[in-house]
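> I'd like to ask some things about the structure below.
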Amino acid sequence: MDKIRFATVWLAGCSGCHMSFLDLDEWLITLSEKIELVYSPFVDTKEYPDDVDLCLIEGAVANEENYHFLKEIRKKTKTLVSFGDCALNGNVTALRNLHGKPEKALELSYKQLATLNNIPDFNYKSVARLIDKVKPLHEVVKIDYFLPGCPPDAEKIKYLLEKLLSGEVPELQGNYLKNG
Ligand code: SF4
């Protein structure tokens with residue numbers, strides 16, 4: 001039987017969702033028998049490949065790179081899972097929306113810090129091309145499944161993967177939502 005071409009992606013998040021994935025512990029060995037890990041922060045792949053079967057995406061869309069990469073992922077992937085609360089609703093990453101335009105967040109996070117650290121000529125505008133408002137993934141592309149939690153615990157990740165890898169639809173259990 002062909003292995004599932006599996007990916008995980010880290011957009012604007014803290015990596016905590018990926019750390020929770022590692023809490024799958026010895027089940028990762030079982031998982032490795034069923035999947036081919038074609039892209040992930042856990043491996044050193046540089047390009048997101050074509051024909052990915054299943055991808056978990058951590059983090060929200062906060063900058064132009066996130067936005068365009070997510071569009072590319074959608075085109076190349078059969079099933080996308082919004083992985084964790086930042087992906088689902090913006091969560092911590094979207095706190096900067098409270099300050100309005102991104103320039104204010106850049107000023108607070110970089111300019112003031114540079115001043116405090118006596119680096120007055122630090123060019124904080126070169127750090128990232130932020131989009132105006134942090135968005136959850138489903139506001140940019142169609143998402144197939146949502147896995148909430150900050151982070152989702154390993155048992156929930158395992159349940160979802162077991163179902164999807166065996167071609168089943170995860171049941172709605174309050175925490176697992178299928179889109180459409
Ligand atoms: S949902 Fe929580 S653990 Fe996951 S990236 Fe966001 S802040 Fe980190």
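So you can find residues: chains in the structure tokens are A, B, ... in the order shown, residues in each start at 1, and ligands are numbered from 1 in order.
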All residues within 12 Å of ligand 1 are required, counting only C-alpha atoms and all ligand atoms; please report them as a ChimeraX atom specification.

/A:9-21,56-61,82-95,136,146-154

> Suppose we keep C-alpha atoms; can you now write the selection as a PDB file, in the first residue's frame?


```pdb
ATOM      1  CA  VAL A   9       3.691  23.523   8.200  1.00  0.00           C
ATOM      2  CA  TRP A  10       4.581  26.227  10.684  1.00  0.00           C
ATOM      3  CA  LEU A  11       3.171  29.661   9.797  1.00  0.00           C
ATOM      4  CA  ALA A  12       2.785  32.440  12.399  1.00  0.00           C
ATOM      5  CA  GLY A  13       2.665  30.398  15.599  1.00  0.00           C
ATOM      6  CA  CYS A  14       4.914  29.648  18.544  1.00  0.00           C
ATOM      7  CA  SER A  15       5.720  26.029  17.484  1.00  0.00           C
ATOM      8  CA  GLY A  16       3.812  24.749  20.507  1.00  0.00           C
ATOM      9  CA  CYS A  17       1.439  22.797  18.257  1.00  0.00           C
ATOM     10  CA  HIS A  18       4.430  21.023  16.700  1.00  0.00           C
ATOM     11  CA  MET A  19       5.790  20.322  20.176  1.00  0.00           C
ATOM     12  CA  SER A  20       2.459  18.694  21.002  1.00  0.00           C
ATOM     13  CA  PHE A  21       2.792  16.614  17.839  1.00  0.00           C
ATOM     14  CA  LEU A  56      -1.426  20.015   9.310  1.00  0.00           C
ATOM     15  CA  ILE A  57      -0.857  23.771   9.422  1.00  0.00           C
ATOM     16  CA  GLU A  58       0.079  25.520  12.643  1.00  0.00           C
ATOM     17  CA  GLY A  59      -0.170  29.281  13.072  1.00  0.00           C
ATOM     18  CA  ALA A  60      -2.126  32.140  11.598  1.00  0.00           C
ATOM     19  CA  VAL A  61      -1.520  34.231   8.500  1.00  0.00           C
ATOM     20  CA  SER A  82      -6.171  23.904  10.618  1.00  0.00           C
ATOM     21  CA  PHE A  83      -3.902  22.803  13.463  1.00  0.00           C
ATOM     22  CA  GLY A  84      -4.384  24.660  16.767  1.00  0.00           C
ATOM     23  CA  ASP A  85      -6.092  27.844  17.842  1.00  0.00           C
ATOM     24  CA  CYS A  86      -3.785  30.296  16.051  1.00  0.00           C
ATOM     25  CA  ALA A  87      -4.668  28.582  12.774  1.00  0.00           C
ATOM     26  CA  LEU A  88      -8.368  28.397  13.707  1.00  0.00           C
ATOM     27  CA  ASN A  89      -9.042  31.864  15.026  1.00  0.00           C
ATOM     28  CA  GLY A  90      -5.795  33.849  15.197  1.00  0.00           C
ATOM     29  CA  ASN A  91      -5.474  33.351  18.968  1.00  0.00           C
ATOM     30  CA  VAL A  92      -2.191  34.755  20.376  1.00  0.00           C
ATOM     31  CA  THR A  93      -0.866  35.724  16.948  1.00  0.00           C
ATOM     32  CA  ALA A  94      -3.919  37.912  16.340  1.00  0.00           C
ATOM     33  CA  LEU A  95      -3.424  39.956  19.504  1.00  0.00           C
ATOM     34  CA  PRO A 136      -7.118  32.536  10.545  1.00  0.00           C
ATOM     35  CA  PHE A 146     -10.229  22.070  12.272  1.00  0.00           C
ATOM     36  CA  LEU A 147      -8.296  20.808  15.272  1.00  0.00           C
ATOM     37  CA  PRO A 148      -8.582  23.324  18.120  1.00  0.00           C
ATOM     38  CA  GLY A 149      -6.478  23.659  21.243  1.00  0.00           C
ATOM     39  CA  CYS A 150      -3.558  25.745  22.394  1.00  0.00           C
ATOM     40  CA  PRO A 151      -1.967  23.429  21.654  1.00  0.00           C
ATOM     41  CA  PRO A 152      -4.224  20.484  20.707  1.00  0.00           C
ATOM     42  CA  ASP A 153      -3.196  17.624  22.958  1.00  0.00           C
ATOM     43  CA  ALA A 154      -1.479  14.599  21.498  1.00  0.00           C
TER      44      ALA A 154
END
```

> Report as a ChimeraX atom specification: the residues of segment 12-162 of chain A with a DSSP assignment of strand (DSSP E or B), based on the backbone of this structure.

/A:12,35-39,52-58,60-63,77-83,130-135,145-147

> For the residues selected in the previous step, produce a file with N, CA, C and O atoms as a CSV table (one decimal), in the first residue's frame.


```csv
chain,number,residue,atom,x,y,z
A,12,ALA,N,2.5,31.5,11.3
A,12,ALA,CA,2.8,32.4,12.4
A,12,ALA,C,2.2,31.9,13.7
A,12,ALA,O,1.1,32.1,14.1
A,35,ILE,N,3.1,6.8,6.7
A,35,ILE,CA,3.3,8.1,5.9
A,35,ILE,C,4.7,8.2,5.4
A,35,ILE,O,5.6,7.6,5.8
A,36,GLU,N,4.7,9.1,4.4
A,36,GLU,CA,6.0,9.6,3.9
A,36,GLU,C,6.0,11.1,4.3
A,36,GLU,O,5.1,11.9,3.8
A,37,LEU,N,6.9,11.5,5.1
A,37,LEU,CA,7.0,12.9,5.6
A,37,LEU,C,7.7,13.7,4.5
A,37,LEU,O,8.9,13.7,4.4
A,38,VAL,N,6.9,14.5,3.7
A,38,VAL,CA,7.4,15.1,2.5
A,38,VAL,C,7.8,16.6,2.8
A,38,VAL,O,8.5,17.2,2.0
A,39,TYR,N,7.3,17.2,3.9
A,39,TYR,CA,7.6,18.6,4.2
A,39,TYR,C,7.3,18.8,5.7
A,39,TYR,O,6.2,18.4,6.1
A,52,VAL,N,0.6,16.5,-2.2
A,52,VAL,CA,0.6,16.1,-0.8
A,52,VAL,C,-0.8,15.7,-0.5
A,52,VAL,O,-1.8,16.3,-0.9
A,53,ASP,N,-0.9,14.6,0.3
A,53,ASP,CA,-2.2,14.0,0.6
A,53,ASP,C,-2.8,14.8,1.8
A,53,ASP,O,-4.0,15.1,1.8
A,54,LEU,N,-2.0,15.0,2.8
A,54,LEU,CA,-2.5,15.5,4.1
A,54,LEU,C,-1.5,16.5,4.7
A,54,LEU,O,-0.3,16.1,4.8
A,55,CYS,N,-2.0,17.6,5.2
A,55,CYS,CA,-1.1,18.6,5.8
A,55,CYS,C,-1.8,19.2,7.0
A,55,CYS,O,-2.9,19.7,7.0
A,56,LEU,N,-1.0,19.3,8.1
A,56,LEU,CA,-1.4,20.0,9.3
A,56,LEU,C,-0.7,21.4,9.3
A,56,LEU,O,0.5,21.4,9.1
A,57,ILE,N,-1.5,22.4,9.5
A,57,ILE,CA,-0.9,23.8,9.4
A,57,ILE,C,-1.0,24.5,10.8
A,57,ILE,O,-2.2,24.7,11.2
A,58,GLU,N,0.1,24.7,11.4
A,58,GLU,CA,0.1,25.5,12.6
A,58,GLU,C,0.2,27.0,12.3
A,58,GLU,O,1.0,27.4,11.4
A,60,ALA,N,-1.2,31.3,12.4
A,60,ALA,CA,-2.1,32.1,11.6
A,60,ALA,C,-1.4,32.7,10.4
A,60,ALA,O,-0.2,32.4,10.2
A,61,VAL,N,-2.1,33.5,9.6
A,61,VAL,CA,-1.5,34.2,8.5
A,61,VAL,C,-1.2,35.7,8.9
A,61,VAL,O,-2.2,36.4,9.2
A,62,ALA,N,0.0,36.0,9.1
A,62,ALA,CA,0.4,37.3,9.7
A,62,ALA,C,1.2,38.2,8.7
A,62,ALA,O,1.2,39.4,8.9
A,63,ASN,N,1.8,37.6,7.7
A,63,ASN,CA,2.6,38.4,6.8
A,63,ASN,C,2.4,37.9,5.3
A,63,ASN,O,1.7,36.9,5.1
A,77,THR,N,-2.3,20.4,-2.1
A,77,THR,CA,-2.6,19.4,-1.0
A,77,THR,C,-4.1,19.0,-1.1
A,77,THR,O,-5.0,19.9,-1.3
A,78,LYS,N,-4.3,17.7,-0.9
A,78,LYS,CA,-5.7,17.2,-0.9
A,78,LYS,C,-6.5,17.7,0.3
A,78,LYS,O,-7.6,18.2,0.2
A,79,THR,N,-5.9,17.4,1.5
A,79,THR,CA,-6.6,17.6,2.7
A,79,THR,C,-5.8,18.5,3.7
A,79,THR,O,-4.7,18.2,4.0
A,80,LEU,N,-6.4,19.6,4.0
A,80,LEU,CA,-5.7,20.6,4.9
A,80,LEU,C,-6.4,20.6,6.3
A,80,LEU,O,-7.7,20.7,6.4
A,81,VAL,N,-5.6,20.6,7.3
A,81,VAL,CA,-6.1,20.7,8.7
A,81,VAL,C,-5.6,21.9,9.3
A,81,VAL,O,-4.4,22.2,9.3
A,82,SER,N,-6.5,22.7,9.8
A,82,SER,CA,-6.2,23.9,10.6
A,82,SER,C,-5.8,23.4,12.0
A,82,SER,O,-6.6,22.9,12.8
A,83,PHE,N,-4.5,23.5,12.3
A,83,PHE,CA,-3.9,22.8,13.5
A,83,PHE,C,-3.6,23.8,14.6
A,83,PHE,O,-2.6,24.5,14.6
A,130,LEU,N,4.3,42.7,7.1
A,130,LEU,CA,3.0,42.2,7.7
A,130,LEU,C,1.8,42.6,6.9
A,130,LEU,O,1.8,43.7,6.3
A,131,ILE,N,0.8,41.7,6.9
A,131,ILE,CA,-0.5,42.1,6.3
A,131,ILE,C,-1.2,42.9,7.3
A,131,ILE,O,-0.9,42.9,8.5
A,132,ASP,N,-2.2,43.7,6.9
A,132,ASP,CA,-2.9,44.6,7.8
A,132,ASP,C,-3.5,44.0,9.0
A,132,ASP,O,-3.5,44.5,10.1
A,133,LYS,N,-4.0,42.8,8.8
A,133,LYS,CA,-4.7,42.1,10.0
A,133,LYS,C,-4.4,40.6,9.9
A,133,LYS,O,-4.4,40.0,8.9
A,134,VAL,N,-4.0,40.1,11.1
A,134,VAL,CA,-3.7,38.6,11.2
A,134,VAL,C,-5.0,37.9,10.9
A,134,VAL,O,-6.1,38.3,11.4
A,135,LYS,N,-4.9,36.8,10.1
A,135,LYS,CA,-6.2,36.1,9.7
A,135,LYS,C,-6.0,34.6,10.1
A,135,LYS,O,-4.9,34.1,10.0
A,145,TYR,N,-10.5,20.4,7.8
A,145,TYR,CA,-10.7,20.0,9.2
A,145,TYR,C,-10.1,21.0,10.1
A,145,TYR,O,-9.1,21.6,9.8
A,146,PHE,N,-10.7,21.1,11.3
A,146,PHE,CA,-10.2,22.1,12.3
A,146,PHE,C,-9.9,21.3,13.5
A,146,PHE,O,-10.7,20.5,14.0
A,147,LEU,N,-8.7,21.5,14.1
A,147,LEU,CA,-8.3,20.8,15.3
A,147,LEU,C,-7.9,21.9,16.3
A,147,LEU,O,-6.8,22.4,16.3
```

> Which residue is closest to Ile73 of chain A? Choose from A:Glu107, A:Leu113, A:Glu47, A:Glu33 and count only C-alpha atoms.

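Of all the options, A:Glu47 lies closest to Ile73 of chain A.
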
> Any idea what's packed within 8 Å of segment 68-72 of chain A, counting only C-alpha atoms, ignoring anything in its chain fewer than 3 positions away? Could you give it as a PyMOL selection string?

chain A and resi 64-65+75-76+137+140-141

> Got a sec: who's within 9 Å of Ser40 of chain A, counting only C-alpha atoms, leaving out chain neighbours fewer than 4 positions off, as a compact mmCIF listing (two decimals) with C-alpha atoms, in the first residue's frame?


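Saved file selection_12.txt follows:
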```
# COMPACT_ATOMS: atom_id res chain seq x y z
CA PHE A 6 2.15 13.88 4.75
CA ALA A 7 3.29 17.40 5.64
CA THR A 8 3.24 19.78 8.58
CA VAL A 9 3.69 23.52 8.20
CA TRP A 10 4.58 26.23 10.68
CA ASP A 44 15.13 19.81 6.10
CA THR A 45 12.94 20.07 3.01
CA TYR A 48 6.73 22.37 -0.50
```

> For each of A:Asp121, A:Glu155, A:Leu165, A:Leu106, take the minimum atom-to-atom distance to Arg5 of chain A, counting only C-alpha atoms, then give the residue where this is smallest.

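Counting only C-alpha atoms, the residue closest to Arg5 of chain A is A:Leu165.
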
> Once DSSP has gone over the backbone, tell me which residues of chain A are in helix (DSSP H, G or I), as a VMD selection string.

chain A and resid 16 to 22 27 to 34 64 to 76 85 to 89 91 to 99 102 to 116 124 to 126 137 to 139 154 to 165
